[in-house]
file structure-v1.cif (mmCIF, C-alpha atoms and all ligand atoms)
data_query
#
loop_
_atom_site.label_atom_id
_atom_site.label_comp_id
_atom_site.auth_asym_id
_atom_site.auth_seq_id
_atom_site.Cartn_x
_atom_site.Cartn_y
_atom_site.Cartn_z
CA MET A 216 107.43 143.69 91.05
CA THR A 217 107.12 147.40 90.33
CA ALA A 218 103.58 147.37 91.64
CA ALA A 219 104.72 145.59 94.81
CA ILE A 220 107.50 148.13 95.41
CA SER A 221 105.25 151.11 94.89
CA ARG A 222 102.74 149.51 97.26
CA VAL A 223 105.46 149.12 99.90
CA GLY A 224 106.38 152.76 99.30
CA ARG A 225 102.85 153.81 100.05
CA LEU A 226 102.28 151.50 102.98
CA GLY A 227 105.64 151.90 104.73
CA PHE A 228 107.88 149.50 106.61
CA ALA A 229 105.35 148.16 109.10
CA ALA A 230 103.33 146.84 106.17
CA LEU A 231 106.48 145.43 104.55
CA GLY A 232 107.18 143.51 107.77
CA ALA A 233 103.66 142.09 107.72
CA MET A 234 104.10 141.03 104.09
CA LEU A 235 107.35 139.20 104.90
CA VAL A 236 105.64 137.31 107.71
CA ALA A 237 102.82 136.44 105.33
CA SER A 238 105.23 135.15 102.69
CA ALA A 239 107.02 132.98 105.28
CA ALA A 240 103.66 131.50 106.21
CA ALA A 241 102.93 130.86 102.54
CA ARG A 242 106.21 128.94 102.24
CA ALA A 243 105.23 126.70 105.13
CA ASP A 244 101.97 126.14 103.33
CA GLU A 245 103.49 125.32 99.92
CA PRO A 246 101.51 123.08 97.58
CA ARG A 247 101.94 119.41 98.42
CA GLY A 248 101.73 116.33 96.30
CA LEU A 249 100.18 113.02 97.22
CA ASP A 250 101.90 110.83 99.82
CA ILE A 251 101.43 107.10 100.37
CA TYR A 252 102.95 105.16 103.28
CA TRP A 253 103.15 101.39 103.62
CA ILE A 254 103.30 100.90 107.36
CA ASP A 255 104.89 97.70 108.64
CA VAL A 256 102.17 95.63 110.28
CA GLU A 257 104.12 92.37 109.95
CA GLY A 258 102.28 90.76 107.06
CA GLY A 259 98.99 92.62 107.51
CA ALA A 260 97.92 95.70 105.57
CA ALA A 261 97.99 99.39 106.52
CA THR A 262 98.38 101.79 103.61
CA LEU A 263 98.11 105.46 104.53
CA ILE A 264 97.36 108.02 101.83
CA VAL A 265 97.69 111.74 102.55
CA THR A 266 96.11 114.02 99.97
CA PRO A 267 97.52 117.37 98.80
CA GLU A 268 94.80 118.99 100.92
CA GLY A 269 96.12 117.17 104.00
CA GLU A 270 93.22 114.72 104.24
CA SER A 271 94.04 111.17 105.25
CA ILE A 272 92.80 107.87 103.86
CA LEU A 273 93.89 104.75 105.70
CA VAL A 274 93.34 101.48 103.86
CA ASP A 275 93.29 98.65 106.44
CA THR A 276 94.60 98.75 109.99
CA GLY A 277 96.88 95.75 110.61
CA ASN A 278 96.32 93.25 113.41
CA PRO A 279 94.60 93.66 116.79
CA GLY A 280 96.75 94.84 119.70
CA ARG A 281 98.98 97.77 120.47
CA ARG A 282 101.83 97.03 118.08
CA ASP A 283 100.14 97.70 114.74
CA ALA A 284 97.84 100.50 115.92
CA GLY A 285 100.88 102.07 117.60
CA ARG A 286 102.91 101.91 114.39
CA ILE A 287 100.08 103.44 112.35
CA PHE A 288 99.66 106.18 114.97
CA LYS A 289 103.39 106.91 114.92
CA VAL A 290 103.64 107.28 111.15
CA ALA A 291 100.35 109.22 111.00
CA THR A 292 101.25 111.72 113.72
CA GLU A 293 105.06 111.95 113.71
CA VAL A 294 105.84 111.49 110.02
CA ALA A 295 102.68 112.60 108.21
CA LYS A 296 101.76 115.15 110.93
CA LEU A 297 98.11 114.11 110.99
CA ARG A 298 95.71 114.65 113.87
CA GLN A 299 93.01 112.26 112.71
CA ILE A 300 92.11 109.65 110.11
CA ASP A 301 89.49 111.24 107.86
CA HIS A 302 88.63 108.11 105.88
CA LEU A 303 89.25 104.51 106.89
CA VAL A 304 88.60 101.85 104.25
CA VAL A 305 88.55 98.27 105.52
CA THR A 306 88.94 96.01 102.50
CA HIS A 307 87.57 92.83 104.12
CA TYR A 308 86.92 91.12 107.41
CA HIS A 309 90.20 89.43 108.21
CA ARG A 310 92.06 90.31 111.38
CA ASP A 311 95.19 91.52 109.61
CA HIS A 312 93.03 94.21 107.93
CA PHE A 313 90.27 95.27 110.35
CA GLY A 314 92.04 94.12 113.55
CA GLY A 315 93.86 97.32 114.47
CA ALA A 316 90.90 99.66 113.91
CA ALA A 317 89.49 99.71 117.45
CA ASP A 318 92.97 100.10 118.97
CA LEU A 319 93.76 102.94 116.57
CA ALA A 320 90.45 104.66 117.35
CA ALA A 321 91.56 104.77 120.99
CA LEU A 322 94.72 106.63 119.92
CA MET A 323 93.35 109.12 117.37
CA PRO A 324 89.94 110.10 115.98
CA ILE A 325 88.64 108.15 112.99
CA LYS A 326 85.95 110.09 111.11
CA THR A 327 84.33 107.94 108.39
CA VAL A 328 84.65 104.17 108.05
CA TYR A 329 83.93 102.49 104.71
CA ASP A 330 83.49 98.73 104.52
CA ASN A 331 81.21 95.99 103.16
CA GLY A 332 78.71 96.29 106.02
CA GLU A 333 76.66 93.12 106.43
CA PHE A 334 75.71 91.38 103.23
CA PRO A 335 73.94 88.17 102.17
CA GLY A 336 76.22 85.15 102.32
CA MET A 337 79.03 86.96 104.11
CA PRO A 338 81.50 84.22 104.98
CA GLU A 339 83.16 85.93 107.94
CA LYS A 340 82.31 88.65 110.39
CA PRO A 341 84.57 91.11 112.14
CA ASP A 342 84.75 90.99 115.93
CA ARG A 343 82.73 93.00 118.47
CA ALA A 344 85.46 95.57 118.97
CA TYR A 345 85.28 96.44 115.27
CA ALA A 346 81.49 96.49 115.28
CA ALA A 347 81.60 98.98 118.18
CA LEU A 348 84.40 101.05 116.61
CA LYS A 349 84.37 104.69 117.67
CA CYS A 350 83.89 106.87 114.59
CA ASP A 351 81.62 109.62 113.26
CA ARG A 352 80.05 107.76 110.36
CA ARG A 353 79.92 104.34 108.71
CA VAL A 354 79.39 103.88 105.00
CA VAL A 355 78.82 100.67 103.03
CA VAL A 356 80.97 100.95 99.92
CA ASN A 357 79.75 99.94 96.47
CA PRO A 358 81.45 99.55 93.08
CA GLY A 359 81.78 102.97 91.42
CA ASP A 360 81.70 104.93 94.69
CA LYS A 361 84.24 107.71 95.11
CA LEU A 362 85.42 108.93 98.47
CA GLU A 363 84.13 112.38 99.29
CA LEU A 364 87.38 114.28 99.41
CA LYS A 365 87.73 117.91 100.44
CA GLN A 366 89.55 119.01 97.32
CA SER A 367 87.20 121.10 95.26
CA ALA A 368 87.01 120.57 91.51
CA ALA A 369 86.80 124.33 91.00
CA LYS A 370 90.14 124.81 92.71
CA ALA A 371 91.73 122.00 90.71
CA GLU A 372 90.51 123.57 87.48
CA ALA A 373 91.57 127.06 88.44
CA ASP A 374 95.09 125.97 89.41
CA ALA A 375 95.38 123.35 86.69
CA ALA A 376 96.33 121.12 89.62
CA PRO A 377 96.18 117.35 89.14
CA LYS A 378 92.75 116.02 90.00
CA LEU A 379 92.52 113.46 92.79
CA THR A 380 89.98 110.65 92.94
CA VAL A 381 89.80 107.55 95.08
CA GLN A 382 87.30 105.15 93.58
CA CYS A 383 86.04 101.69 94.45
CA LEU A 384 86.25 99.53 91.31
CA ALA A 385 84.92 96.34 92.86
CA THR A 386 83.74 94.90 96.14
CA ARG A 387 81.80 91.86 97.39
CA GLN A 388 82.72 90.28 94.03
CA GLN A 389 80.74 92.92 92.14
CA MET A 390 82.61 94.91 89.53
CA ILE A 391 82.11 98.49 88.42
CA ARG A 392 79.75 98.29 85.44
CA SER A 393 82.22 99.28 82.78
CA ALA A 394 85.56 100.93 82.37
CA SER A 395 83.87 104.13 81.24
CA ALA A 396 82.45 104.45 84.76
CA ALA A 397 85.92 104.20 86.26
CA THR A 398 87.31 107.72 86.52
CA GLY A 399 90.96 106.85 86.55
CA ALA A 400 90.71 104.09 83.99
CA GLN A 401 88.69 105.75 81.30
CA LYS A 402 91.61 106.88 79.18
CA THR A 403 93.10 103.48 78.88
CA ALA A 404 90.58 100.78 79.60
CA ALA A 405 89.62 98.54 76.76
CA ALA A 406 89.35 94.94 75.78
CA PRO A 407 92.65 93.67 77.13
CA GLY A 408 93.34 91.29 74.29
CA GLU A 409 93.48 87.53 74.09
CA HIS A 410 97.06 87.38 75.33
CA VAL A 411 95.91 88.72 78.71
CA CYS A 412 92.80 86.61 79.17
CA LYS A 413 94.66 83.47 78.08
CA LEU A 414 97.01 83.91 81.02
CA HIS A 415 94.20 83.12 83.45
CA ALA A 416 94.01 79.51 84.61
CA PRO A 417 91.26 79.29 87.29
CA LYS A 418 92.27 78.23 90.79
CA ASP A 419 90.08 76.55 93.43
CA ARG A 420 87.21 78.73 94.49
CA ASP A 421 88.10 80.93 97.47
CA GLY A 422 85.24 80.78 99.97
CA SER A 423 86.87 83.21 102.42
CA ASP A 424 86.21 86.92 102.73
CA ASN A 425 89.37 87.67 100.72
CA ALA A 426 87.28 87.29 97.56
CA ASN A 427 85.01 90.13 98.78
CA SER A 428 87.85 92.64 99.13
CA VAL A 429 87.30 96.28 98.25
CA VAL A 430 89.39 97.23 95.19
CA LEU A 431 90.56 100.87 95.12
CA LEU A 432 92.07 102.94 92.35
CA VAL A 433 93.74 106.18 93.42
CA SER A 434 94.19 108.67 90.57
CA TYR A 435 96.14 111.91 90.93
CA GLY A 436 96.60 113.58 87.56
CA ASP A 437 97.97 110.79 85.40
CA PHE A 438 99.35 108.89 88.40
CA ARG A 439 97.50 105.66 89.29
CA PHE A 440 97.81 103.46 92.37
CA PHE A 441 96.00 100.12 92.67
CA ASP A 442 95.15 98.48 96.01
CA ALA A 443 92.96 95.36 95.88
CA GLY A 444 93.30 94.22 99.51
CA ASP A 445 93.49 90.42 99.52
CA LEU A 446 91.35 89.84 96.42
CA THR A 447 91.83 86.29 95.19
CA TRP A 448 92.70 84.83 91.81
CA ASN A 449 89.35 84.07 90.12
CA VAL A 450 87.79 87.40 91.13
CA GLU A 451 90.96 89.28 90.19
CA HIS A 452 90.54 87.92 86.69
CA GLN A 453 87.13 89.61 86.39
CA LEU A 454 88.82 92.99 86.84
CA VAL A 455 90.61 92.62 83.51
CA CYS A 456 88.62 90.13 81.43
CA PRO A 457 86.65 90.43 79.22
CA GLU A 458 87.14 94.17 79.78
CA ASN A 459 90.02 95.86 81.58
CA LEU A 460 88.09 97.82 84.21
CA VAL A 461 91.22 99.24 85.82
CA GLY A 462 93.30 100.54 82.93
CA LYS A 463 97.05 100.82 83.34
CA VAL A 464 98.63 101.83 86.61
CA ASP A 465 101.91 103.19 87.89
CA VAL A 466 102.02 101.48 91.26
CA TYR A 467 100.63 98.06 92.17
CA GLN A 468 100.29 97.08 95.81
CA THR A 469 101.05 93.40 95.57
CA THR A 470 97.69 91.87 96.36
CA HIS A 471 97.30 89.71 99.48
CA HIS A 472 100.85 90.32 100.77
CA GLY A 473 102.27 88.57 97.70
CA LEU A 474 100.59 85.24 98.42
CA GLU A 475 100.14 83.00 95.41
CA ALA A 476 96.36 82.69 95.94
CA SER A 477 96.37 86.20 94.40
CA ASN A 478 98.42 88.19 91.86
CA ASN A 479 96.93 86.61 88.77
CA PRO A 480 99.34 87.18 85.86
CA ALA A 481 96.41 88.37 83.71
CA VAL A 482 96.06 91.35 86.10
CA LEU A 483 99.77 92.21 86.09
CA THR A 484 99.93 91.98 82.30
CA ALA A 485 96.85 94.16 81.83
CA LEU A 486 97.75 96.79 84.46
CA GLU A 487 101.42 97.12 83.37
CA PRO A 488 102.63 98.67 86.64
CA ALA A 489 106.08 100.28 86.83
CA VAL A 490 106.47 99.71 90.57
CA ALA A 491 105.21 96.89 92.81
CA ILE A 492 105.11 97.28 96.58
CA MET A 493 104.65 94.14 98.65
CA ASN A 494 103.23 94.41 102.18
CA ASN A 495 104.57 91.01 103.19
CA GLY A 496 105.75 89.74 106.55
CA ALA A 497 109.03 88.01 107.37
CA ARG A 498 107.25 84.65 107.02
CA LYS A 499 104.09 85.60 105.15
CA GLY A 500 103.59 86.37 101.47
CA CYS A 501 106.41 86.90 98.96
CA ASP A 502 105.53 83.48 97.51
CA GLY A 503 107.54 81.92 94.71
CA GLN A 504 104.77 82.01 92.13
CA THR A 505 104.04 85.69 92.81
CA VAL A 506 107.70 86.64 92.64
CA ALA A 507 107.99 84.78 89.31
CA THR A 508 104.95 86.68 87.97
CA LEU A 509 106.40 90.03 89.10
CA ARG A 510 109.76 89.20 87.49
CA GLU A 511 108.05 88.20 84.24
CA THR A 512 106.02 91.42 84.12
CA LYS A 513 108.13 93.49 81.74
CA SER A 514 106.70 96.85 82.77
CA ILE A 515 107.97 96.53 86.37
CA ALA A 516 111.12 98.59 86.94
CA ALA A 517 111.30 98.06 90.71
CA THR A 518 109.71 95.92 93.41
CA TYR A 519 109.78 96.89 97.08
CA GLN A 520 109.17 94.66 100.10
CA VAL A 521 108.07 95.77 103.56
CA HIS A 522 109.91 92.70 104.91
CA LYS A 523 112.68 90.40 103.85
CA ASN A 524 111.41 86.87 103.33
CA VAL A 525 113.41 84.97 105.98
CA ARG A 526 111.92 81.52 105.37
CA GLU A 527 114.52 78.83 104.91
CA GLY A 528 115.59 78.26 101.32
CA GLN A 529 113.69 81.32 100.04
CA ALA A 530 116.43 83.97 100.13
CA ALA A 531 116.50 84.09 96.33
CA LEU A 532 112.91 85.37 96.27
CA ASN A 533 113.96 88.67 97.83
CA VAL A 534 114.73 91.90 96.00
CA PRO A 535 118.08 93.62 96.81
CA ASP A 536 118.34 94.75 100.46
CA GLU A 537 118.12 98.43 99.53
CA TYR A 538 114.52 97.83 98.39
CA ILE A 539 113.48 96.10 101.64
CA ALA A 540 112.26 98.21 104.57
CA ASN A 541 112.84 95.58 107.28
CA ALA A 542 115.71 93.14 106.83
CA THR A 543 115.29 91.16 110.05
CA GLU A 544 112.38 89.32 111.60
CA THR A 545 112.61 91.28 114.83
CA CYS A 546 112.43 94.81 113.55
CA ALA A 547 111.64 98.43 114.31
CA GLY A 548 108.75 98.51 111.84
CA HIS A 549 110.21 100.71 109.11
CA HIS A 550 107.86 102.04 106.46
CA ILE A 551 108.03 102.65 102.72
CA LYS A 552 107.01 106.08 101.47
CA LEU A 553 105.90 107.25 98.06
CA THR A 554 105.53 110.92 97.14
CA VAL A 555 103.87 112.04 93.93
CA ALA A 556 105.11 115.45 92.76
CA THR A 557 102.66 118.38 92.79
CA ASP A 558 102.36 118.20 88.99
CA ALA A 559 101.94 114.38 89.22
CA LYS A 560 104.51 113.92 86.43
CA THR A 561 106.99 112.08 88.67
CA TYR A 562 106.97 110.19 91.95
CA LYS A 563 109.63 109.10 94.42
CA VAL A 564 109.71 105.90 96.42
CA SER A 565 111.82 106.02 99.54
CA ILE A 566 112.79 103.85 102.47
CA PRO A 567 113.97 106.45 104.99
CA ALA A 568 115.59 103.79 107.20
CA ASN A 569 117.88 102.72 104.31
CA ASN A 570 118.44 106.21 102.88
CA HIS A 571 116.97 104.79 99.70
CA GLU A 572 115.16 107.05 97.27
CA ARG A 573 114.37 106.48 93.61
CA GLU A 574 112.41 108.64 91.22
CA PHE A 575 110.03 107.31 88.58
CA LYS A 576 108.19 109.03 85.76
CA THR A 577 104.41 108.83 85.81
CA ARG A 578 103.27 106.99 82.70
CA GLY A 579 101.26 109.90 81.33
CA PRO A 580 98.19 109.61 79.09
CA ARG A 581 98.24 106.17 77.54
CA ASP A 582 96.97 104.86 74.26
ZN ZN B 1 95.66 89.95 104.59
#
call {"tool": "encode", "arguments": {"input": "structure-v1.cif", "output": "structure tokens"}}
result
Amino acid sequence: MTAAISRVGRLGFAALGAMLVASAAARADEPRGLDIYWIDVEGGAATLIVTPEGESILVDTGNPGRRDAGRIFKVATEVAKLRQIDHLVVTHYHRDHFGGAADLAALMPIKTVYDNGEFPGMPEKPDRAYAALKCDRRVVVNPGDKLELKQSAAKAEADAAPKLTVQCLATRQQMIRSASAATGAQKTAAAPGEHVCKLHAPKDRDGSDNANSVVLLVSYGDFRFFDAGDLTWNVEHQLVCPENLVGKVDVYQTTHHGLEASNNPAVLTALEPAVAIMNNGARKGCDGQTVATLRETKSIAATYQVHKNVREGQAALNVPDEYIANATETCAGHHIKLTVATDAKTYKVSIPANNHEREFKTRGPRD
């Protein structure tokens, strides 16, 4: 302080004025944490991640047409203040995931697109609009790949800021080789124990592209977020048995909109999430078996739903209204937001439309 005052003394009031302006600018540019938005695409998927450096990662794009692309654009530009999507990851080739991409590209620039490309035995193909999608670069994603994010490791080390990685743990039914190769999982991954693997009872083989979904683990300091697209039951099992390739997580995006073809209890038991967020629709997902699994998972402190399940006779499957972004079938498309603190020690989940906000502690280094 003394040094600053003496410097002001030497430089005079004009310089002091300049310094005040500079400090106001610094406030506007305060360090930011990690934000995640679950945008309502009516039972599709559109998860928008905004990094502390202001880069954007959109995982899936909802359905074709103006509605879903328009909702993504609105949250991206008006709420998250983005001008472009830096990284788009399309988990698999179903319309509720790739469908909005071409419409969104007409609204805002999309820089790099990551997907499964074309591969032997691919069961389904995206449409022509997706194939012709306007973007700067297309990348075929492989297990172990990390997104090239702007944040420099040197800066993270210098500031002791939480390190951010977004890594693909599995795709096209191929798993990352071992947990030690998984950046976010390495502290915790291990043989999950018989009690986990015994929970898996195989289901009928899924021949659709769901089984080829890209599985992402987002790590920010000790915070972990898991998004497996629509990965189905038997492939899910391979993520945690015989080795837990994921480790433990804080937040679990309920796989496949909460449909019971996914959300294998072996995965929930091994991952031990504290928060589950379900990107269901009013009449899609939020299935009874999935809800039972979530309720039986002792680690889960709160479950959120993008939509209330309005199917007849299923009201009891819903969480309390405060934890549901859209209570009615005809809705304004409210989103769920999660903000991880700059030190990554805590995170808040909010539903702005309900004035709901709840803080959770990040698990921290696990044994
Ligand atoms: Zn889907």
call {"tool": "residues_around", "arguments": {"input": "structure-v1.cif", "residues": "Phe313 (chain A)", "least_positions_apart": "6", "cutoff": "10 Å", "atoms": "only C-alpha atoms", "output": "MDAnalysis selection string"}}
result
chainID A and resid 259:261 274:279 303:307 330 341:342 344:345
call {"tool": "write_last_selection", "arguments": {"input": "structure-v1.cif", "atoms": "C-alpha atoms", "output": "CSV table (one decimal), keeping the file's coordinate frame"}}
result
chain,number,residue,atom,x,y,z
A,259,GLY,CA,99.0,92.6,107.5
A,260,ALA,CA,97.9,95.7,105.6
A,261,ALA,CA,98.0,99.4,106.5
A,274,VAL,CA,93.3,101.5,103.9
A,275,ASP,CA,93.3,98.6,106.4
A,276,THR,CA,94.6,98.8,110.0
A,277,GLY,CA,96.9,95.8,110.6
A,278,ASN,CA,96.3,93.2,113.4
A,279,PRO,CA,94.6,93.7,116.8
A,303,LEU,CA,89.2,104.5,106.9
A,304,VAL,CA,88.6,101.8,104.2
A,305,VAL,CA,88.6,98.3,105.5
A,306,THR,CA,88.9,96.0,102.5
A,307,HIS,CA,87.6,92.8,104.1
A,330,ASP,CA,83.5,98.7,104.5
A,341,PRO,CA,84.6,91.1,112.1
A,342,ASP,CA,84.8,91.0,115.9
A,344,ALA,CA,85.5,95.6,119.0
A,345,TYR,CA,85.3,96.4,115.3
call {"tool": "closest_atom_pairs", "arguments": {"input": "structure-v1.cif", "of": "chain A", "to": "ligand ZN 1 (chain B)", "cutoff": "7 Å", "atoms": "all atoms listed in the file", "output": "Markdown table"}}
result
| residue | atom | partner | partner_atom | distance |
| --- | --- | --- | --- | --- |
| A:Gly259 | CA | B:ZN1 | ZN | 5.2 |
| A:Ala260 | CA | B:ZN1 | ZN | 6.3 |
| A:His309 | CA | B:ZN1 | ZN | 6.6 |
| A:Asp311 | CA | B:ZN1 | ZN | 5.3 |
| A:His312 | CA | B:ZN1 | ZN | 6.0 |
| A:Asp445 | CA | B:ZN1 | ZN | 5.5 |
| A:His471 | CA | B:ZN1 | ZN | 5.4 |
| A:His472 | CA | B:ZN1 | ZN | 6.5 |
call {"tool": "write_last_selection", "arguments": {"input": "structure-v1.cif", "atoms": "C-alpha atoms", "output": "PDB file, in the coordinates of the input"}}
result
ATOM      1  CA  GLY A 259      98.990  92.620 107.510  1.00  0.00           C
ATOM      2  CA  ALA A 260      97.920  95.700 105.570  1.00  0.00           C
ATOM      3  CA  HIS A 309      90.200  89.430 108.210  1.00  0.00           C
ATOM      4  CA  ASP A 311      95.190  91.520 109.610  1.00  0.00           C
ATOM      5  CA  HIS A 312      93.030  94.210 107.930  1.00  0.00           C
ATOM      6  CA  ASP A 445      93.490  90.420  99.520  1.00  0.00           C
ATOM      7  CA  HIS A 471      97.300  89.710  99.480  1.00  0.00           C
ATOM      8  CA  HIS A 472     100.850  90.320 100.770  1.00  0.00           C
TER       9      HIS A 472
END
call {"tool": "atom_distance", "arguments": {"input": "structure-v1.cif", "atom1": "CA of Gly269 (chain A)", "atom2": "CA of Asn541 (chain A)"}}
result
27.5 Å
call {"tool": "atom_distance", "arguments": {"input": "structure-v1.cif", "atom1": "CA of Asp360 (chain A)", "atom2": "CA of Leu384 (chain A)"}}
result
7.8 Å
call {"tool": "closest_residue", "arguments": {"input": "structure-v1.cif", "among": "A:Val482, A:Cys456, A:Ala542, A:Val328", "to": "Leu348 (chain A)", "atoms": "only C-alpha atoms"}}
result
A:Val328
call {"tool": "closest_atom_pairs", "arguments": {"input": "structure-v1.cif", "of": "region 452-487 of chain A", "to": "region 415-425 of chain A", "cutoff": "8 Å", "atoms": "all atoms listed in the file", "output": "JSON lines"}}
result
{"residue": "A:His452", "atom": "CA", "partner": "A:His415", "partner_atom": "CA", "distance": 6.9}
{"residue": "A:Ala476", "atom": "CA", "partner": "A:Lys418", "partner_atom": "CA", "distance": 7.9}
{"residue": "A:Asn479", "atom": "CA", "partner": "A:His415", "partner_atom": "CA", "distance": 6.9}
{"residue": "A:Pro480", "atom": "CA", "partner": "A:His415", "partner_atom": "CA", "distance": 7.0}
{"residue": "A:Ala481", "atom": "CA", "partner": "A:His415", "partner_atom": "CA", "distance": 5.7}
call {"tool": "residues_near_point", "arguments": {"input": "structure-v1.cif", "point": "(110.2, 95.0, 116.3)", "cutoff": "12 Å", "atoms": "only C-alpha atoms", "output": "ChimeraX atom specification"}}
result
/A:255-257,282-283,285-286,496-497,522,541-549
call {"tool": "residues_around", "arguments": {"input": "structure-v1.cif", "residues": "region 569-572 of chain A", "least_positions_apart": "3", "cutoff": "9 Å", "atoms": "all atoms listed in the file", "output": "number ranges by chain"}}
result
A: 536-540, 563-566
call {"tool": "atom_distance", "arguments": {"input": "structure-v1.cif", "atom1": "CA of Gly336 (chain A)", "atom2": "CA of Val356 (chain A)"}}
result
16.7 Å
call {"tool": "decode", "arguments": {"input": "structure-v1.cif", "residues": "region 337-348 of chain A", "atoms": "N, CA and C atoms", "output": "JSON list (two decimals), in the first residue's frame"}}
result
[["chain", "number", "residue", "atom", "x", "y", "z"],
["A", 337, "MET", "N", -21.09, -48.80, -38.48],
["A", 337, "MET", "CA", -21.93, -47.77, -37.85],
["A", 337, "MET", "C", -23.40, -48.06, -38.15],
["A", 338, "PRO", "N", -24.21, -48.12, -37.09],
["A", 338, "PRO", "CA", -25.60, -48.54, -37.29],
["A", 338, "PRO", "C", -26.50, -47.45, -37.86],
["A", 339, "GLU", "N", -26.14, -46.19, -37.62],
["A", 339, "GLU", "CA", -26.98, -45.08, -38.07],
["A", 339, "GLU", "C", -26.10, -43.93, -38.53],
["A", 340, "LYS", "N", -26.64, -43.19, -39.48],
["A", 340, "LYS", "CA", -25.88, -42.03, -39.97],
["A", 340, "LYS", "C", -26.66, -40.75, -39.70],
["A", 341, "PRO", "N", -25.93, -39.66, -39.47],
["A", 341, "PRO", "CA", -26.65, -38.39, -39.34],
["A", 341, "PRO", "C", -27.15, -37.94, -40.70],
["A", 342, "ASP", "N", -27.97, -36.91, -40.73],
["A", 342, "ASP", "CA", -28.55, -36.48, -42.01],
["A", 342, "ASP", "C", -27.58, -35.57, -42.79],
["A", 343, "ARG", "N", -28.03, -35.18, -43.97],
["A", 343, "ARG", "CA", -27.16, -34.37, -44.86],
["A", 343, "ARG", "C", -26.84, -33.01, -44.27],
["A", 344, "ALA", "N", -27.83, -32.44, -43.58],
["A", 344, "ALA", "CA", -27.60, -31.11, -42.99],
["A", 344, "ALA", "C", -26.44, -31.18, -42.00],
["A", 345, "TYR", "N", -26.38, -32.25, -41.23],
["A", 345, "TYR", "CA", -25.28, -32.39, -40.25],
["A", 345, "TYR", "C", -23.96, -32.64, -40.97],
["A", 346, "ALA", "N", -24.01, -33.46, -42.02],
["A", 346, "ALA", "CA", -22.78, -33.74, -42.77],
["A", 346, "ALA", "C", -22.20, -32.46, -43.38],
["A", 347, "ALA", "N", -23.10, -31.54, -43.75],
["A", 347, "ALA", "CA", -22.65, -30.29, -44.40],
["A", 347, "ALA", "C", -22.51, -29.14, -43.40],
["A", 348, "LEU", "N", -22.53, -29.46, -42.13],
["A", 348, "LEU", "CA", -22.51, -28.46, -41.06],
["A", 348, "LEU", "C", -21.38, -27.44, -41.24]]
